[in-house]
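protein_10.csv (CSV, N, CA and C atoms) appears below.
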```
chain,number,residue,atom,x,y,z
A,190,MET,N,11.0,23.8,10.7
A,190,MET,CA,10.7,24.3,9.4
A,190,MET,C,9.9,23.3,8.6
A,191,ALA,N,8.8,23.7,8.0
A,191,ALA,CA,7.9,22.8,7.3
A,191,ALA,C,8.6,22.3,6.0
A,192,GLU,N,8.2,21.0,5.7
A,192,GLU,CA,8.8,20.5,4.4
A,192,GLU,C,8.1,21.1,3.2
A,193,PRO,N,8.7,21.3,2.1
A,193,PRO,CA,8.1,21.7,0.9
A,193,PRO,C,7.0,20.7,0.5
A,194,GLU,N,5.9,21.3,0.0
A,194,GLU,CA,4.7,20.4,-0.4
A,194,GLU,C,5.1,19.2,-1.1
A,195,GLN,N,6.0,19.2,-2.1
A,195,GLN,CA,6.3,18.0,-2.9
A,195,GLN,C,7.1,17.0,-2.1
A,196,ASP,N,7.7,17.4,-1.0
A,196,ASP,CA,8.5,16.4,-0.2
A,196,ASP,C,7.7,15.8,0.9
A,197,ILE,N,6.5,16.2,1.2
A,197,ILE,CA,5.7,15.6,2.2
A,197,ILE,C,5.3,14.2,1.8
A,198,ARG,N,5.4,13.2,2.7
A,198,ARG,CA,5.2,11.8,2.4
A,198,ARG,C,4.0,11.3,3.1
A,199,GLU,N,3.3,10.4,2.5
A,199,GLU,CA,2.2,9.7,3.1
A,199,GLU,C,2.8,8.3,3.5
A,200,LYS,N,2.4,7.7,4.6
A,200,LYS,CA,2.9,6.4,5.0
A,200,LYS,C,1.8,5.5,5.3
A,201,PRO,N,1.1,4.9,4.3
A,201,PRO,CA,0.1,3.9,4.5
A,201,PRO,C,0.8,2.6,5.1
A,202,ALA,N,0.0,1.9,5.9
A,202,ALA,CA,0.5,0.6,6.4
A,202,ALA,C,-0.1,-0.5,5.5
A,203,VAL,N,0.7,-1.3,5.0
A,203,VAL,CA,0.3,-2.3,4.0
A,203,VAL,C,0.6,-3.7,4.4
A,204,ARG,N,-0.2,-4.7,4.0
A,204,ARG,CA,0.0,-6.1,4.3
A,204,ARG,C,-0.6,-6.9,3.2
A,205,ILE,N,-0.3,-8.2,3.2
A,205,ILE,CA,-0.9,-9.2,2.3
A,205,ILE,C,-2.0,-9.8,3.2
A,206,GLN,N,-3.2,-10.0,2.7
A,206,GLN,CA,-4.2,-10.6,3.5
A,206,GLN,C,-3.9,-12.1,3.6
A,207,SER,N,-3.9,-12.6,4.9
A,207,SER,CA,-3.5,-14.0,5.1
A,207,SER,C,-4.0,-14.4,6.5
A,208,PRO,N,-4.5,-15.6,6.6
A,208,PRO,CA,-5.0,-16.1,7.9
A,208,PRO,C,-3.8,-16.4,8.8
A,209,LYS,N,-2.6,-16.5,8.3
A,209,LYS,CA,-1.4,-16.8,9.1
A,209,LYS,C,-0.7,-15.6,9.7
A,210,GLU,N,-0.8,-14.5,9.0
A,210,GLU,CA,0.0,-13.3,9.3
A,210,GLU,C,-0.9,-12.1,9.3
A,211,ASN,N,-0.8,-11.2,10.3
A,211,ASN,CA,-1.6,-10.0,10.3
A,211,ASN,C,-0.8,-8.7,10.6
A,212,ASP,N,0.5,-8.8,10.4
A,212,ASP,CA,1.4,-7.6,10.6
A,212,ASP,C,1.4,-6.7,9.4
A,213,PHE,N,1.6,-5.4,9.7
A,213,PHE,CA,1.6,-4.4,8.6
A,213,PHE,C,3.1,-3.9,8.5
A,214,ILE,N,3.4,-3.4,7.3
A,214,ILE,CA,4.6,-2.6,7.1
A,214,ILE,C,4.2,-1.2,6.6
A,215,GLU,N,5.0,-0.2,7.0
A,215,GLU,CA,4.8,1.1,6.5
A,215,GLU,C,5.6,1.3,5.3
A,216,ILE,N,4.9,2.0,4.3
A,216,ILE,CA,5.7,2.4,3.1
A,216,ILE,C,5.6,3.9,3.0
A,217,LYS,N,6.6,4.5,2.5
A,217,LYS,CA,6.6,6.0,2.3
A,217,LYS,C,6.5,6.3,0.8
A,218,LEU,N,5.5,7.2,0.6
A,218,LEU,CA,5.3,7.7,-0.8
A,218,LEU,C,5.3,9.2,-0.8
A,219,LYS,N,6.0,9.8,-1.7
A,219,LYS,CA,5.9,11.3,-1.8
A,219,LYS,C,4.5,11.6,-2.3
A,220,ARG,N,4.0,12.7,-1.8
A,220,ARG,CA,2.6,13.1,-2.1
A,220,ARG,C,2.4,13.1,-3.6
A,221,GLN,N,3.3,13.6,-4.4
A,221,GLN,CA,3.1,13.7,-5.9
A,221,GLN,C,3.2,12.3,-6.5
A,222,GLU,N,3.7,11.3,-5.7
A,222,GLU,CA,3.8,9.9,-6.3
A,222,GLU,C,2.6,9.0,-5.9
A,223,LEU,N,1.5,9.6,-5.2
A,223,LEU,CA,0.4,8.9,-4.8
A,223,LEU,C,-0.5,8.5,-6.0
A,224,SER,N,-0.3,7.3,-6.5
A,224,SER,CA,-1.2,6.7,-7.5
A,224,SER,C,-1.4,5.3,-7.3
A,225,TYR,N,-2.4,4.7,-7.9
A,225,TYR,CA,-2.7,3.3,-7.7
A,225,TYR,C,-1.4,2.4,-8.2
A,226,GLN,N,-0.9,2.7,-9.3
A,226,GLN,CA,0.2,1.9,-9.8
A,226,GLN,C,1.5,2.1,-9.0
A,227,ASN,N,1.7,3.3,-8.4
A,227,ASN,CA,2.9,3.4,-7.6
A,227,ASN,C,2.7,2.8,-6.2
A,228,LEU,N,1.5,2.8,-5.7
A,228,LEU,CA,1.2,2.1,-4.4
A,228,LEU,C,1.4,0.6,-4.6
A,229,LEU,N,0.9,0.1,-5.7
A,229,LEU,CA,1.0,-1.3,-6.0
A,229,LEU,C,2.5,-1.7,-6.2
A,230,LYS,N,3.3,-0.9,-7.0
A,230,LYS,CA,4.7,-1.2,-7.2
A,230,LYS,C,5.5,-1.2,-5.9
A,231,VAL,N,5.4,-0.1,-5.1
A,231,VAL,CA,6.2,0.0,-3.9
A,231,VAL,C,5.8,-1.1,-2.9
A,232,SER,N,4.5,-1.3,-2.7
A,232,SER,CA,4.0,-2.3,-1.8
A,232,SER,C,4.5,-3.7,-2.2
A,233,CYS,N,4.4,-4.1,-3.4
A,233,CYS,CA,4.9,-5.4,-3.9
A,233,CYS,C,6.4,-5.5,-3.7
A,234,CYS,N,7.1,-4.4,-4.0
A,234,CYS,CA,8.6,-4.5,-3.8
A,234,CYS,C,8.9,-4.7,-2.4
A,235,GLU,N,8.3,-4.0,-1.5
A,235,GLU,CA,8.6,-4.1,0.0
A,235,GLU,C,8.2,-5.5,0.5
A,236,LEU,N,7.1,-6.1,0.0
A,236,LEU,CA,6.6,-7.4,0.4
A,236,LEU,C,7.2,-8.5,-0.3
A,237,GLY,N,7.9,-8.3,-1.4
A,237,GLY,CA,8.6,-9.4,-2.1
A,237,GLY,C,7.6,-10.2,-2.9
A,238,ILE,N,6.6,-9.5,-3.5
A,238,ILE,CA,5.6,-10.3,-4.4
A,238,ILE,C,5.6,-9.6,-5.7
A,239,ASN,N,5.1,-10.3,-6.7
A,239,ASN,CA,4.9,-9.8,-8.1
A,239,ASN,C,3.6,-9.1,-8.2
A,240,PRO,N,3.6,-7.9,-8.7
A,240,PRO,CA,2.4,-7.1,-8.9
A,240,PRO,C,1.3,-7.9,-9.6
A,241,GLU,N,1.7,-8.8,-10.5
A,241,GLU,CA,0.7,-9.5,-11.3
A,241,GLU,C,-0.1,-10.5,-10.4
A,242,GLN,N,0.4,-10.8,-9.2
A,242,GLN,CA,-0.3,-11.6,-8.2
A,242,GLN,C,-1.4,-10.9,-7.5
A,243,VAL,N,-1.4,-9.6,-7.5
A,243,VAL,CA,-2.4,-8.8,-6.8
A,243,VAL,C,-3.7,-8.7,-7.6
A,244,GLU,N,-4.8,-9.2,-7.0
A,244,GLU,CA,-6.1,-9.0,-7.6
A,244,GLU,C,-6.8,-7.7,-7.3
A,245,LYS,N,-6.7,-7.3,-6.0
A,245,LYS,CA,-7.3,-6.1,-5.5
A,245,LYS,C,-6.5,-5.4,-4.4
A,246,ILE,N,-6.7,-4.1,-4.2
A,246,ILE,CA,-6.1,-3.4,-3.0
A,246,ILE,C,-7.3,-2.9,-2.2
A,247,ARG,N,-7.3,-3.2,-0.9
A,247,ARG,CA,-8.4,-2.9,0.0
A,247,ARG,C,-7.9,-2.0,1.1
A,248,LYS,N,-8.6,-0.9,1.3
A,248,LYS,CA,-8.4,-0.1,2.5
A,248,LYS,C,-9.3,-0.7,3.6
A,249,LEU,N,-8.7,-1.0,4.7
A,249,LEU,CA,-9.4,-1.7,5.8
A,249,LEU,C,-10.4,-0.7,6.5
A,250,PRO,N,-11.6,-1.1,6.9
A,250,PRO,CA,-12.0,-2.5,7.0
A,250,PRO,C,-12.6,-3.1,5.7
A,251,ASN,N,-13.1,-2.3,4.8
A,251,ASN,CA,-13.9,-2.9,3.7
A,251,ASN,C,-14.1,-2.0,2.4
A,252,THR,N,-13.1,-1.2,2.1
A,252,THR,CA,-13.2,-0.4,0.9
A,252,THR,C,-12.2,-0.7,-0.1
A,253,LEU,N,-12.6,-1.1,-1.3
A,253,LEU,CA,-11.7,-1.3,-2.4
A,253,LEU,C,-11.1,0.0,-3.0
A,254,LEU,N,-9.8,-0.1,-3.2
A,254,LEU,CA,-9.1,1.1,-3.8
A,254,LEU,C,-9.0,0.7,-5.3
A,255,ARG,N,-9.5,1.6,-6.2
A,255,ARG,CA,-9.6,1.3,-7.6
A,255,ARG,C,-8.9,2.3,-8.5
A,256,LYS,N,-8.7,3.5,-8.0
A,256,LYS,CA,-8.1,4.5,-8.9
A,256,LYS,C,-7.2,5.5,-8.1
A,257,ASP,N,-6.5,6.3,-8.9
A,257,ASP,CA,-5.6,7.3,-8.3
A,257,ASP,C,-6.2,8.1,-7.2
A,258,GLN,N,-7.5,8.6,-7.5
A,258,GLN,CA,-8.2,9.5,-6.5
A,258,GLN,C,-8.4,8.8,-5.2
A,259,ASP,N,-8.7,7.5,-5.2
A,259,ASP,CA,-8.8,6.7,-4.0
A,259,ASP,C,-7.5,6.7,-3.2
A,260,ILE,N,-6.4,6.5,-3.9
A,260,ILE,CA,-5.1,6.5,-3.3
A,260,ILE,C,-4.7,7.8,-2.7
A,261,ARG,N,-5.0,8.9,-3.4
A,261,ARG,CA,-4.7,10.2,-2.9
A,261,ARG,C,-5.4,10.6,-1.6
A,262,ARG,N,-6.5,9.9,-1.3
A,262,ARG,CA,-7.2,10.1,0.0
A,262,ARG,C,-6.6,9.4,1.2
A,263,LEU,N,-5.7,8.5,0.9
A,263,LEU,CA,-5.0,7.8,2.0
A,263,LEU,C,-4.3,8.7,2.9
A,264,ARG,N,-4.2,8.5,4.2
A,264,ARG,CA,-3.5,9.3,5.2
A,264,ARG,C,-2.5,8.4,5.9
A,265,ASP,N,-1.6,9.0,6.6
A,265,ASP,CA,-0.6,8.2,7.3
A,265,ASP,C,-1.2,7.1,8.2
A,266,PHE,N,-0.5,6.0,8.1
A,266,PHE,CA,-0.9,4.8,8.9
A,266,PHE,C,-2.2,4.2,8.6
A,267,GLN,N,-2.9,4.6,7.5
A,267,GLN,CA,-4.1,3.9,7.2
A,267,GLN,C,-3.8,2.5,6.7
A,268,GLU,N,-4.6,1.5,7.1
A,268,GLU,CA,-4.3,0.1,6.8
A,268,GLU,C,-4.8,-0.3,5.5
A,269,VAL,N,-3.9,-0.9,4.7
A,269,VAL,CA,-4.3,-1.3,3.3
A,269,VAL,C,-3.9,-2.8,3.1
A,270,GLU,N,-4.7,-3.6,2.5
A,270,GLU,CA,-4.4,-5.0,2.2
A,270,GLU,C,-4.3,-5.2,0.7
A,271,LEU,N,-3.3,-6.1,0.4
A,271,LEU,CA,-3.2,-6.6,-1.0
A,271,LEU,C,-3.9,-7.9,-1.0
A,272,ILE,N,-4.9,-8.1,-1.9
A,272,ILE,CA,-5.6,-9.4,-2.0
A,272,ILE,C,-5.0,-10.1,-3.2
A,273,LEU,N,-4.4,-11.2,-3.0
A,273,LEU,CA,-3.7,-11.9,-4.0
A,273,LEU,C,-4.6,-13.0,-4.7
A,274,MET,N,-4.2,-13.3,-6.0
A,274,MET,CA,-4.8,-14.3,-6.7
A,274,MET,C,-4.0,-15.6,-6.5
A,275,LYS,N,-4.6,-16.7,-6.5
A,275,LYS,CA,-3.9,-18.0,-6.4
A,275,LYS,C,-4.5,-19.0,-7.3
A,276,ASN,N,-3.7,-19.6,-8.2
A,276,ASN,CA,-4.2,-20.6,-9.1
A,276,ASN,C,-5.5,-20.1,-9.9
A,277,GLY,N,-5.4,-18.9,-10.3
A,277,GLY,CA,-6.6,-18.4,-11.1
A,277,GLY,C,-7.8,-18.0,-10.3
A,278,SER,N,-7.7,-18.1,-9.0
A,278,SER,CA,-8.9,-17.7,-8.2
A,278,SER,C,-8.4,-16.7,-7.1
A,279,SER,N,-9.3,-15.9,-6.6
A,279,SER,CA,-9.0,-14.9,-5.6
A,279,SER,C,-8.7,-15.6,-4.2
A,280,GLU,N,-7.7,-15.2,-3.6
A,280,GLU,CA,-7.4,-15.7,-2.2
A,280,GLU,C,-6.9,-14.5,-1.4
A,281,LEU,N,-7.6,-14.3,-0.3
A,281,LEU,CA,-7.2,-13.1,0.5
A,281,LEU,C,-6.0,-13.4,1.3
A,282,THR,N,-5.1,-12.4,1.4
A,282,THR,CA,-3.8,-12.6,2.1
A,282,THR,C,-3.5,-11.4,2.9
A,283,ARG,N,-2.7,-11.5,3.9
A,283,ARG,CA,-2.5,-10.4,4.9
A,283,ARG,C,-1.6,-9.3,4.4
A,284,VAL,N,-1.6,-8.2,5.1
A,284,VAL,CA,-0.8,-7.0,4.8
A,284,VAL,C,0.2,-6.7,5.9
A,285,TYR,N,1.4,-6.1,5.6
A,285,TYR,CA,2.5,-5.9,6.5
A,285,TYR,C,2.8,-4.4,6.6
A,286,THR,N,3.4,-3.9,7.6
A,286,THR,CA,3.7,-2.5,7.8
A,286,THR,C,5.2,-2.2,7.6
A,287,ILE,N,5.5,-1.2,6.9
A,287,ILE,CA,6.9,-0.8,6.6
A,287,ILE,C,7.3,0.4,7.4
A,288,SER,N,8.3,0.4,8.1
A,288,SER,CA,8.7,1.7,8.9
A,288,SER,C,10.1,2.2,8.4
A,289,ASP,N,10.2,3.5,8.4
A,289,ASP,CA,11.5,4.2,8.2
A,289,ASP,C,12.2,3.6,7.0
A,290,ARG,N,11.6,3.4,5.9
A,290,ARG,CA,12.2,3.0,4.7
A,290,ARG,C,12.7,4.2,3.9
A,291,LYS,N,13.8,4.0,3.1
A,291,LYS,CA,14.2,5.1,2.2
A,291,LYS,C,13.3,5.1,1.1
A,292,THR,N,13.2,6.3,0.4
A,292,THR,CA,12.3,6.4,-0.7
A,292,THR,C,12.8,5.5,-1.8
A,293,LEU,N,11.8,4.6,-2.3
A,293,LEU,CA,12.2,3.6,-3.2
A,293,LEU,C,12.3,4.2,-4.6
A,294,LEU,N,11.5,5.1,-4.9
A,294,LEU,CA,11.5,5.7,-6.3
A,294,LEU,C,12.0,7.1,-6.2
A,295,GLN,N,13.2,7.3,-6.8
A,295,GLN,CA,13.8,8.6,-6.8
A,295,GLN,C,14.0,9.1,-8.2
```
Write the structure described by the file as structure tokens, please.
Amino acid sequence: MAEPEQDIREKPAVRIQSPKENDFIEIKLKRQELSYQNLLKVSCCELGINPEQVEKIRKLPNTLLRKDQDIRRLRDFQEVELILMKNGSSELTRVYTISDRKTLLQ
């Protein structure tokens, strides 16, 4: 039986860009929760970082995600990187993939 439209989830693979680590975590977002702010909030929660540390969000290999419309185009397992700021300057850091997590925002 098909899931109701509002219950369908997208599962982007997310990581912090880093020269030391290149693993991804999957995160689950309900389709109606697909927004830039929600992706940022859930990703940072799963990765244990402060959202204020994130300078940019990038869909790999080279596309910046800037608005809700960009986030709504993401599909399952698309790879996304969080680019962190360090000491007032941009520093790229690696992304991680989250699998089989419970919905964080209920």
Just to confirm, what's the straight-line distance from atom N of Ile216 in chain A to atom C of Glu199 in chain A in Å (one decimal)?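 Atom C of Glu199 in chain A lies 6.7 Å from atom N of Ile216 in chain A.
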Between CA of Ser207 in chain A and CA of Thr252 in chain A - distance in Å to one decimal: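 We find that CA of Thr252 in chain A and CA of Ser207 in chain A lie 17.2 Å from each other.
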Write out as a compact mmCIF listing (two decimals) with N, CA and C atoms, in the frame of the given file all residues of range 208-292 of chain A that backbone DSSP assigns to helix (DSSP H, G or I).
```
# COMPACT_ATOMS: atom_id res chain seq x y z
N ARG A 220 4.00 12.70 -1.80
CA ARG A 220 2.60 13.10 -2.10
C ARG A 220 2.40 13.10 -3.60
N GLN A 221 3.30 13.60 -4.40
CA GLN A 221 3.10 13.70 -5.90
C GLN A 221 3.20 12.30 -6.50
N GLU A 222 3.70 11.30 -5.70
CA GLU A 222 3.80 9.90 -6.30
C GLU A 222 2.60 9.00 -5.90
N TYR A 225 -2.40 4.70 -7.90
CA TYR A 225 -2.70 3.30 -7.70
C TYR A 225 -1.40 2.40 -8.20
N GLN A 226 -0.90 2.70 -9.30
CA GLN A 226 0.20 1.90 -9.80
C GLN A 226 1.50 2.10 -9.00
N ASN A 227 1.70 3.30 -8.40
CA ASN A 227 2.90 3.40 -7.60
C ASN A 227 2.70 2.80 -6.20
N LEU A 228 1.50 2.80 -5.70
CA LEU A 228 1.20 2.10 -4.40
C LEU A 228 1.40 0.60 -4.60
N LEU A 229 0.90 0.10 -5.70
CA LEU A 229 1.00 -1.30 -6.00
C LEU A 229 2.50 -1.70 -6.20
N LYS A 230 3.30 -0.90 -7.00
CA LYS A 230 4.70 -1.20 -7.20
C LYS A 230 5.50 -1.20 -5.90
N VAL A 231 5.40 -0.10 -5.10
CA VAL A 231 6.20 0.00 -3.90
C VAL A 231 5.80 -1.10 -2.90
N SER A 232 4.50 -1.30 -2.70
CA SER A 232 4.00 -2.30 -1.80
C SER A 232 4.50 -3.70 -2.20
N CYS A 233 4.40 -4.10 -3.40
CA CYS A 233 4.90 -5.40 -3.90
C CYS A 233 6.40 -5.50 -3.70
N CYS A 234 7.10 -4.40 -4.00
CA CYS A 234 8.60 -4.50 -3.80
C CYS A 234 8.90 -4.70 -2.40
N GLU A 235 8.30 -4.00 -1.50
CA GLU A 235 8.60 -4.10 0.00
C GLU A 235 8.20 -5.50 0.50
N LEU A 236 7.10 -6.10 0.00
CA LEU A 236 6.60 -7.40 0.40
C LEU A 236 7.20 -8.50 -0.30
N PRO A 240 3.60 -7.90 -8.70
CA PRO A 240 2.40 -7.10 -8.90
C PRO A 240 1.30 -7.90 -9.60
N GLU A 241 1.70 -8.80 -10.50
CA GLU A 241 0.70 -9.50 -11.30
C GLU A 241 -0.10 -10.50 -10.40
N GLN A 242 0.40 -10.80 -9.20
CA GLN A 242 -0.30 -11.60 -8.20
C GLN A 242 -1.40 -10.90 -7.50
N ASP A 257 -6.50 6.30 -8.90
CA ASP A 257 -5.60 7.30 -8.30
C ASP A 257 -6.20 8.10 -7.20
N GLN A 258 -7.50 8.60 -7.50
CA GLN A 258 -8.20 9.50 -6.50
C GLN A 258 -8.40 8.80 -5.20
N ASP A 259 -8.70 7.50 -5.20
CA ASP A 259 -8.80 6.70 -4.00
C ASP A 259 -7.50 6.70 -3.20
N ILE A 260 -6.40 6.50 -3.90
CA ILE A 260 -5.10 6.50 -3.30
C ILE A 260 -4.70 7.80 -2.70
N ARG A 261 -5.00 8.90 -3.40
CA ARG A 261 -4.70 10.20 -2.90
C ARG A 261 -5.40 10.60 -1.60
```
From a DSSP calculation on the backbone, collect every residue of range 198-281 of chain A in strand (DSSP E) and output the set as a PyMOL selection string. chain A and resi 198-199+202-206+214-215+218-219+243-248+252-254+268-275+278-280
One number please: atom C of Lys275 in chain A to atom C of Glu235 in chain A, in Å, one decimal.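 A separation of 20.1 Å between them.
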Excluding Val269 in chain A and residues on its chain fewer than 4 positions from it, collect all residues at most 10 Å away from it, counting only C-alpha atoms, and give them as a ChimeraX atom specification. /A:201-206,213-215,232,246-254,263,283-286
At a cut-off of 8 Å, using only C-alpha atoms, what residues contact range 237-242 of chain A? Leave out same-chain residues fewer than 4 positions from it and give the result as a PyMOL selection string. chain A and resi 229-230+233+273-275
